[in-house]
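Okay, so here's the structure we're looking at.
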Amino acid sequence: MSYTHDRLLHGVTIDQADERVRAALADAGFGILTEIDVQATMKKKIDADMAGYRILGACNPKMAYEAIGLEPRVGAMLPCNVILRETAEGTEVSAIDPVASMASIENEALHSVAGSVRDLLIAAVDAA
C-alpha cells in the first residue's frame, strides 16, 4: 500500500505549484494550518543545500472534527501533510494517504472518514 498520492507537475516551479495546490485544496474544503520551508530550514539549521521542498499541513475542519469525535487521540496524526518537491522535470506534489496512516487504529468508523479525506486529497492533487 502506498502511503502517498503523487503527481508530477511538468515544467512547473515550486512557487507555481504552491499556488495551484493551495487553490485546489481550498476548493476541496481544506485550509493550510502549517507551512514548513524545508529547504530554508535545512540551510539555516545545518547549512545544507537542497532542492526546494515544502510541507503544507492541510486540514478539512469538518472531517477533522468528525475524526476527533470518533478517536480523540487522532490529532497526533493531523493535519494531512502535502509536500511540494522540486525535481529536474518540475514539481512533485505528494499528499499523505490518511487510510494508510491510520491503518493501525482499530476504529472502522474512523477508517471511513479517512477514506473520505483520501478521496478529497486525491481530487485536490489531481486538480492542481
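Each chain of the C-alpha cells is named A, B, ... in the order shown, its residues numbered from 1; ligands are numbered from 1 in display order.
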(Q) List the spatial neighbours of A:Thr34 as a list in words - criterion: any atom at most 12 Å away, only C-alpha atoms, same-chain residues fewer than 3 positions off excluded. (A)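 My list of contacting residues is Phe30, Gly31, Asp37, Arg54, Ile55, Leu56, Gly57, Ala58, Cys59, Leu78, Pro79, Cys80, Asn81, Val82 and Ile83 of chain A.
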Q | Shell of 12 Å around A:Ala124, only C-alpha atoms, local chain residues under 4 positions omitted, as an MDAnalysis selection string | A | chainID A and resid 5:7 20:30 58 60 82 93:95 117:120 128
(Q) For a quick check of understanding, using only C-alpha atoms, which of A:Ala88, A:Leu70, A:Met42, A:Ala76 has the smallest distance to A:His10? (A)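 The closest residue to A:His10 is A:Ala88.
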Q: Using DSSP on the backbone, list every residue of chain A that comes out as alpha helix (DSSP H), and give them as a count of residues only.
A: 57
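Every protein or nucleic acid residue with an atom no more than 9 Å from A:Gly11, counting only C-alpha atoms and leaving out same-chain residues fewer than 6 positions away, appears here: A:Ala88, A:Glu89, A:Gly90, A:Thr91.
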Grab the residues selected above and save them as an mmCIF file, in the first residue's frame with C-alpha atoms.
data_model
loop_
_atom_site.group_PDB
_atom_site.id
_atom_site.type_symbol
_atom_site.label_atom_id
_atom_site.label_comp_id
_atom_site.auth_asym_id
_atom_site.auth_seq_id
_atom_site.Cartn_x
_atom_site.Cartn_y
_atom_site.Cartn_z
ATOM 1 C CA ALA A 88 14.565 18.161 -12.652
ATOM 2 C CA GLU A 89 11.249 17.723 -14.504
ATOM 3 C CA GLY A 90 9.115 20.136 -12.451
ATOM 4 C CA THR A 91 7.472 19.907 -9.050
#
Q) Which of these residues is nearest to A:Glu86, using only C-alpha atoms: A:Met50, A:Leu121, A:Ala103, A:Ile36? A) A:Met50
Q: Return the single residue from A:Glu92, A:Glu106, A:Asp47, A:Glu66 that is closest to A:Ile14, with distances computed using only C-alpha atoms.
A: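 Residue with the minimum atom-to-atom distance to A:Ile14: A:Glu92.
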Q: Run DSSP on the backbone of this structure and report the residues of chain A it assigns to strand (DSSP E), as an MDAnalysis selection string.
A: chainID A and resid 4:10 31:37 53:59 80:87 90:96
